[in-house]
file data-v7.cif (mmCIF, C-alpha atoms)
data_model
loop_
_atom_site.label_atom_id
_atom_site.label_comp_id
_atom_site.auth_asym_id
_atom_site.auth_seq_id
_atom_site.Cartn_x
_atom_site.Cartn_y
_atom_site.Cartn_z
CA MET A 1 114.32 79.90 102.13
CA ASP A 2 112.45 82.88 100.66
CA GLU A 3 112.03 82.88 96.92
CA VAL A 4 113.00 85.88 94.81
CA GLU A 5 110.02 87.44 93.06
CA VAL A 6 110.56 89.78 90.12
CA VAL A 7 108.01 92.55 90.66
CA VAL A 8 108.97 94.61 87.61
CA ALA A 9 112.03 94.60 85.39
CA HIS A 10 113.15 96.44 82.27
CA SER A 11 116.35 97.93 80.90
CA GLU A 12 116.33 100.95 83.23
CA ARG A 13 115.49 99.40 86.60
CA ALA A 14 114.15 96.35 88.39
CA THR A 15 112.35 95.63 91.64
CA LEU A 16 112.72 92.29 93.42
CA ARG A 17 110.91 90.94 96.48
CA VAL A 18 112.65 88.67 98.93
CA GLY A 19 110.38 87.84 101.86
CA ASP A 20 109.32 91.11 103.45
CA MET A 21 112.05 93.13 101.71
CA PHE A 22 112.05 94.83 98.33
CA LEU A 23 115.28 95.47 96.45
CA LYS A 24 115.15 98.28 93.91
CA VAL A 25 118.01 98.18 91.41
CA ASP A 26 118.42 101.29 89.27
CA GLY A 27 121.04 102.13 86.67
CA ASP A 28 120.59 105.81 87.53
CA GLN A 29 121.89 106.43 91.06
CA ALA A 30 120.31 109.88 91.02
CA ARG A 31 116.85 108.31 91.03
CA ILE A 32 117.70 106.30 94.14
CA ASP A 33 119.09 109.40 95.85
CA ALA A 34 115.95 111.35 94.93
CA GLU A 35 113.73 108.58 96.30
CA VAL A 36 115.55 108.47 99.63
CA GLU A 37 115.37 112.25 99.93
CA ALA A 38 111.67 112.40 99.04
CA MET A 39 110.67 109.70 101.52
CA ALA A 40 112.50 111.56 104.28
CA LEU A 41 110.56 114.76 103.49
CA ALA A 42 107.10 113.36 102.68
CA PRO A 43 104.49 113.91 105.46
CA VAL A 44 102.69 110.65 104.59
CA PRO A 45 103.51 107.01 105.45
CA THR A 46 106.35 105.58 103.36
CA PRO A 47 108.23 102.26 103.43
CA LYS A 48 111.00 101.84 105.99
CA ILE A 49 114.41 102.13 104.33
CA LEU A 50 116.51 99.15 105.42
CA TRP A 51 119.69 100.21 103.64
CA HIS A 52 120.91 101.70 100.40
CA LYS A 53 124.16 101.83 98.51
CA PRO A 54 125.14 102.49 94.89
CA HIS A 55 122.40 101.32 92.54
CA VAL A 56 120.41 99.38 95.18
CA LEU A 57 117.73 100.49 97.65
CA ALA A 58 116.29 98.02 100.18
CA ILE A 59 112.91 98.83 101.72
CA ALA A 60 110.49 96.94 103.95
CA ALA A 61 107.17 95.71 102.61
CA LEU A 62 104.11 97.75 103.55
CA PRO A 63 101.04 96.31 105.29
CA GLY A 64 97.76 96.40 103.41
CA THR A 65 96.97 96.17 99.73
CA THR A 66 96.63 98.49 96.76
CA LEU A 67 93.29 99.64 95.39
CA GLY A 68 93.87 97.82 92.11
CA ARG A 69 95.99 98.18 89.02
CA LEU A 70 95.71 99.79 85.60
CA GLY A 71 93.84 97.43 83.32
CA GLY A 72 92.47 95.41 86.22
CA PRO A 73 89.50 95.62 88.57
CA SER A 74 89.58 98.25 91.28
CA THR A 75 89.01 97.33 94.90
CA GLY A 76 88.31 99.19 98.09
CA SER A 77 85.36 101.12 99.42
CA PRO A 78 84.60 104.76 98.61
CA THR A 79 86.06 105.50 102.05
CA ALA A 80 89.37 103.91 101.06
CA TRP A 81 89.53 105.94 97.86
CA ALA A 82 88.71 109.09 99.82
CA ALA A 83 91.47 108.24 102.30
CA ALA A 84 93.90 108.05 99.39
CA GLY A 85 92.69 111.47 98.25
CA ALA A 86 93.25 112.90 101.73
CA ALA A 87 96.80 111.50 101.81
CA ILE A 88 97.54 113.04 98.42
CA ARG A 89 96.24 116.41 99.64
CA LYS A 90 98.47 116.19 102.74
CA LEU A 91 101.47 115.61 100.47
CA HIS A 92 100.53 118.50 98.19
CA ASP A 93 100.15 120.87 101.15
CA ALA A 94 103.62 120.04 102.53
CA PRO A 95 106.64 122.37 102.22
CA LEU A 96 108.18 122.15 98.77
CA PRO A 97 111.09 119.76 98.24
CA PRO A 98 114.30 121.29 96.85
CA ARG A 99 114.11 120.00 93.28
CA PRO A 100 111.56 119.71 90.45
CA GLY A 101 110.00 116.32 89.83
CA GLN A 102 108.44 114.46 86.94
CA ALA A 103 105.18 116.35 87.49
CA GLY A 104 107.01 119.67 87.29
CA ARG A 105 108.43 119.61 83.81
CA ASN A 106 108.77 122.83 81.88
CA ILE A 107 105.60 123.52 79.89
CA VAL A 108 107.45 124.51 76.72
CA ALA A 109 109.63 121.39 76.77
CA LEU A 110 106.66 119.16 77.63
CA THR A 111 104.63 120.60 74.76
CA ALA A 112 107.47 120.01 72.30
CA GLU A 113 107.89 116.41 73.50
CA LEU A 114 104.14 115.77 73.27
CA ASP A 115 103.92 117.11 69.73
CA ALA A 116 106.92 115.08 68.61
CA GLU A 117 105.53 111.92 70.23
CA CYS A 118 102.12 112.41 68.62
CA GLU A 119 103.80 112.69 65.23
CA ARG A 120 105.77 109.47 65.84
CA LEU A 121 102.66 107.60 66.97
CA VAL A 122 100.97 108.45 63.67
CA THR A 123 103.90 108.08 61.25
CA SER A 124 104.86 104.73 62.82
CA ASN A 125 101.25 103.50 62.56
CA VAL A 126 101.09 102.84 66.29
CA LEU A 127 97.76 104.65 66.62
CA PRO A 128 95.17 106.07 64.18
CA ALA A 129 95.63 109.75 63.37
CA ASP A 130 92.14 110.73 64.52
CA LEU A 131 92.71 109.13 67.94
CA VAL A 132 95.99 110.97 68.40
CA THR A 133 94.61 114.28 67.13
CA ARG A 134 91.59 114.20 69.43
CA ASN A 135 93.64 113.37 72.51
CA ARG A 136 96.26 115.99 71.65
CA GLN A 137 93.38 118.48 71.74
CA VAL A 138 92.22 117.18 75.12
CA ALA A 139 95.79 117.26 76.47
CA GLU A 140 96.12 120.98 75.76
CA ALA A 141 94.29 121.86 78.98
CA ALA A 142 97.15 120.43 81.06
CA LEU A 143 99.69 122.73 79.40
CA ARG A 144 98.99 125.76 81.55
CA PRO A 145 100.65 127.60 84.45
CA TRP A 146 100.32 125.83 87.81
CA THR A 147 101.27 126.50 91.42
CA PRO A 148 104.11 124.18 92.54
CA ALA A 149 103.25 121.49 95.06
CA PHE A 150 105.11 118.58 96.66
CA THR A 151 104.23 115.90 94.12
CA HIS A 152 104.93 112.17 93.92
CA GLY A 153 105.35 112.30 90.14
CA ASP A 154 104.41 108.68 89.40
CA LEU A 155 101.40 108.12 91.64
CA GLN A 156 99.99 105.04 89.94
CA ILE A 157 97.15 103.21 91.65
CA ALA A 158 99.58 100.42 92.60
CA HIS A 159 101.70 102.84 94.63
CA ILE A 160 99.22 103.58 97.47
CA PHE A 161 98.47 100.90 100.08
CA VAL A 162 95.44 100.81 102.40
CA ASP A 163 94.47 98.45 105.22
CA ASP A 164 91.19 96.77 106.18
CA ASN A 165 90.20 99.89 108.11
CA ASP A 166 90.40 101.98 104.92
CA GLU A 167 93.47 103.85 106.18
CA VAL A 168 96.52 104.58 104.03
CA THR A 169 99.46 102.50 105.26
CA GLY A 170 102.04 103.83 102.84
CA ILE A 171 103.00 105.21 99.46
CA ILE A 172 105.86 103.66 97.46
CA ASP A 173 108.13 104.51 94.50
CA TRP A 174 109.28 108.11 95.09
CA SER A 175 112.02 108.35 92.47
CA GLU A 176 110.06 110.92 90.39
CA ALA A 177 109.02 113.10 93.35
CA GLY A 178 109.60 116.84 93.56
CA GLN A 179 107.97 120.15 92.86
CA GLY A 180 105.18 119.79 90.30
CA ASP A 181 101.58 120.12 89.20
CA ALA A 182 99.26 118.66 91.86
CA LEU A 183 96.67 117.61 89.26
CA HIS A 184 99.30 115.41 87.58
CA ASP A 185 99.28 113.22 90.71
CA LEU A 186 95.48 113.05 90.95
CA ALA A 187 95.18 112.18 87.27
CA THR A 188 97.88 109.51 87.44
CA PHE A 189 96.24 107.87 90.46
CA THR A 190 92.81 107.70 88.79
CA LEU A 191 94.01 106.80 85.28
CA GLY A 192 91.77 104.02 84.00
CA HIS A 193 89.57 104.21 87.12
CA GLU A 194 87.48 107.29 86.38
CA GLN A 195 84.56 105.90 88.39
CA HIS A 196 86.51 106.57 91.61
CA LEU A 197 87.55 110.14 90.81
CA THR A 198 84.65 111.63 92.79
CA ASP A 199 85.64 109.64 95.90
CA VAL A 200 89.26 110.74 95.58
CA ILE A 201 88.24 114.39 95.20
CA THR A 202 85.96 114.06 98.24
CA GLY A 203 88.97 113.03 100.32
CA TYR A 204 91.19 115.62 98.66
CA GLY A 205 88.81 118.27 99.90
CA THR A 206 88.89 121.00 97.28
CA ASP A 207 87.44 121.76 93.87
CA ILE A 208 89.35 120.24 90.96
CA ASP A 209 89.38 121.31 87.32
CA LEU A 210 88.13 118.12 85.69
CA ASP A 211 89.20 119.29 82.23
CA VAL A 212 92.80 119.31 83.45
CA ILE A 213 92.43 115.81 84.94
CA HIS A 214 91.14 114.53 81.60
CA ALA A 215 93.95 116.38 79.88
CA TRP A 216 96.60 114.67 82.00
CA TRP A 217 94.99 111.28 81.28
CA SER A 218 95.42 111.92 77.57
CA LEU A 219 98.87 113.48 77.88
CA ARG A 220 100.29 110.73 80.09
CA SER A 221 98.89 108.01 77.83
CA LEU A 222 100.19 109.58 74.62
CA LEU A 223 103.69 109.93 76.05
CA ALA A 224 103.76 106.44 77.58
CA ILE A 225 102.52 104.14 74.83
CA ARG A 226 105.72 103.68 72.80
CA TRP A 227 107.91 103.43 75.92
CA LEU A 228 105.62 100.79 77.42
CA THR A 229 105.62 98.76 74.21
CA GLU A 230 109.41 98.93 73.91
CA HIS A 231 109.88 97.80 77.54
CA GLY A 232 107.64 94.75 77.50
CA PHE A 233 104.35 96.23 78.70
CA ASP A 234 101.04 96.24 76.83
CA PRO A 235 99.25 99.61 76.65
CA PHE A 236 96.71 98.00 74.29
CA ALA A 237 95.42 95.64 77.01
CA PRO A 238 91.80 96.22 78.10
CA GLY A 239 91.49 99.22 80.42
CA CYS A 240 95.01 100.48 79.78
CA GLU A 241 96.39 103.56 78.02
CA VAL A 242 94.92 103.01 74.55
CA ASP A 243 91.46 102.46 76.02
CA VAL A 244 91.89 105.67 78.03
CA LEU A 245 92.56 107.51 74.79
CA LYS A 246 89.55 105.89 73.10
CA SER A 247 87.30 107.05 75.93
CA HIS A 248 87.86 110.64 74.78
CA MET A 249 86.60 110.03 71.24
#

call {"tool": "encode", "arguments": {"input": "data-v7.cif", "output": "structure tokens"}}
result
Amino acid sequence: MDEVEVVVAHSERATLRVGDMFLKVDGDQARIDAEVEAMALAPVPTPKILWHKPHVLAIAALPGTTLGRLGGPSTGSPTAWAAAGAAIRKLHDAPLPPRPGQAGRNIVALTAELDAECERLVTSNVLPADLVTRNRQVAEAALRPWTPAFTHGDLQIAHIFVDDNDEVTGIIDWSEAGQGDALHDLATFTLGHEQHLTDVITGYGTDIDLDVIHAWWSLRSLLAIRWLTEHGFDPFAPGCEVDVLKSHM
């Protein structure tokens, strides 16, 4: 009998693995609906949907492995990282999906949230004021007009799988997908693995504003730290969000 493995679990959602099937349980049905819609539209490999019903989505496991994880060692050849970049570019060049995604948030609202979060990080003594101030300055470059693209919205390194031939076998976790800033995806994928950014851009195949990539690294980290801490994750672990912020000092 297959054992049940808890892949990730917190108060908003959980992912379980049973054999070659993943069960995603989400308190927000809209996220499941958005994920199903995005996978149907995405022009890149995605997991096979086995079934879905209120609050549960069942998908098949993908072949291959990820290129690493945030806070851990990265794996894969430069060719594999470039292949990931090419897959991301194919997604970004696709016809726009019907709704905005996590990477497409209104600039005014995002700026207000960032400023409020920076204030809370300092007043709650979560982070030193100079660290927050410096990274808020870096993050400013991301708060600019952008051309909408089909974005994944949460393209963490653990969400792209490649095989032994350095080919992308699939991209998972599409609940935040929609219209958004393409550089948000590239920054999220390379967060904590800056040494592979050049390989990813080589596969992506176009010039990238590196200041905006660095800005998204700071912005994403600043917004995530308190949420991660409150949901059982450790942004202070080596190589994770706090170290990303320190790298900009």

call {"tool": "resolve_selection", "arguments": {"input": "data-v7.cif", "expression": "the PyMOL selection byres ((chain A and resi 57) around 9)", "output": "list in words"}}
result
Phe22, Leu23, Lys24, Val25, Asp26, Ile32, Val36, Ile49, Leu50, Trp51, His52, Lys53, Pro54, His55, Val56, Ala58 and Ile59 of chain A

call {"tool": "residues_around", "arguments": {"input": "data-v7.cif", "residues": "segment 133-149 of chain A", "least_positions_apart": "4", "cutoff": "9 Å", "atoms": "all atoms listed in the file", "output": "PDB file with C-alpha atoms, keeping the file's coordinate frame"}}
result
ATOM      1  CA  LEU A  91     101.470 115.610 100.470  1.00  0.00           C
ATOM      2  CA  HIS A  92     100.530 118.500  98.190  1.00  0.00           C
ATOM      3  CA  ASP A  93     100.150 120.870 101.150  1.00  0.00           C
ATOM      4  CA  ALA A  94     103.620 120.040 102.530  1.00  0.00           C
ATOM      5  CA  PRO A  95     106.640 122.370 102.220  1.00  0.00           C
ATOM      6  CA  LEU A  96     108.180 122.150  98.770  1.00  0.00           C
ATOM      7  CA  PRO A  97     111.090 119.760  98.240  1.00  0.00           C
ATOM      8  CA  PRO A 100     111.560 119.710  90.450  1.00  0.00           C
ATOM      9  CA  GLY A 104     107.010 119.670  87.290  1.00  0.00           C
ATOM     10  CA  ILE A 107     105.600 123.520  79.890  1.00  0.00           C
ATOM     11  CA  VAL A 108     107.450 124.510  76.720  1.00  0.00           C
ATOM     12  CA  LEU A 110     106.660 119.160  77.630  1.00  0.00           C
ATOM     13  CA  THR A 111     104.630 120.600  74.760  1.00  0.00           C
ATOM     14  CA  LEU A 114     104.140 115.770  73.270  1.00  0.00           C
ATOM     15  CA  ASP A 115     103.920 117.110  69.730  1.00  0.00           C
ATOM     16  CA  CYS A 118     102.120 112.410  68.620  1.00  0.00           C
ATOM     17  CA  PRO A 128      95.170 106.070  64.180  1.00  0.00           C
ATOM     18  CA  ALA A 129      95.630 109.750  63.370  1.00  0.00           C
ATOM     19  CA  GLY A 178     109.600 116.840  93.560  1.00  0.00           C
ATOM     20  CA  GLN A 179     107.970 120.150  92.860  1.00  0.00           C
ATOM     21  CA  GLY A 180     105.180 119.790  90.300  1.00  0.00           C
ATOM     22  CA  ASP A 181     101.580 120.120  89.200  1.00  0.00           C
ATOM     23  CA  ALA A 182      99.260 118.660  91.860  1.00  0.00           C
ATOM     24  CA  LEU A 183      96.670 117.610  89.260  1.00  0.00           C
ATOM     25  CA  HIS A 184      99.300 115.410  87.580  1.00  0.00           C
ATOM     26  CA  ASP A 211      89.200 119.290  82.230  1.00  0.00           C
ATOM     27  CA  VAL A 212      92.800 119.310  83.450  1.00  0.00           C
ATOM     28  CA  ILE A 213      92.430 115.810  84.940  1.00  0.00           C
ATOM     29  CA  HIS A 214      91.140 114.530  81.600  1.00  0.00           C
ATOM     30  CA  ALA A 215      93.950 116.380  79.880  1.00  0.00           C
ATOM     31  CA  TRP A 216      96.600 114.670  82.000  1.00  0.00           C
ATOM     32  CA  TRP A 217      94.990 111.280  81.280  1.00  0.00           C
ATOM     33  CA  SER A 218      95.420 111.920  77.570  1.00  0.00           C
ATOM     34  CA  LEU A 219      98.870 113.480  77.880  1.00  0.00           C
ATOM     35  CA  ARG A 220     100.290 110.730  80.090  1.00  0.00           C
ATOM     36  CA  LEU A 222     100.190 109.580  74.620  1.00  0.00           C
ATOM     37  CA  LEU A 245      92.560 107.510  74.790  1.00  0.00           C
ATOM     38  CA  LYS A 246      89.550 105.890  73.100  1.00  0.00           C
ATOM     39  CA  HIS A 248      87.860 110.640  74.780  1.00  0.00           C
ATOM     40  CA  MET A 249      86.600 110.030  71.240  1.00  0.00           C
TER      41      MET A 249
END

call {"tool": "closest_residue", "arguments": {"input": "data-v7.cif", "among": "A:Leu70, A:Leu197, A:Ala30, A:Ala158", "to": "Pro238 of chain A", "atoms": "only C-alpha atoms"}}
result
A:Leu70

call {"tool": "resolve_selection", "arguments": {"input": "data-v7.cif", "expression": "the PyMOL selection byres ((chain A and resi 84) around 10)", "output": "PyMOL selection string"}}
result
chain A and resi 67+78-83+85-90+157+160-162+166-171+186+189+199-201+203-204

call {"tool": "closest_residue", "arguments": {"input": "data-v7.cif", "among": "A:Ser77, A:Gln102, A:Gln29, A:Ser11", "to": "Thr188 of chain A", "atoms": "all atoms listed in the file"}}
result
A:Gln102

call {"tool": "axis_aligned_box", "arguments": {"input": "data-v7.cif", "around": "segment 188-202 of chain A", "padding_each_side": "4 Å", "output": "AutoDock Vina command-line options"}}
result
--center_x 91.2 --center_y 109.2 --center_z 91.1 --size_x 21.3 --size_y 18.4 --size_z 22.2

call {"tool": "closest_residue", "arguments": {"input": "data-v7.cif", "among": "A:Val242, A:Ile208, A:Ala38, A:Val18", "to": "Val126 of chain A", "atoms": "only C-alpha atoms"}}
result
A:Val242
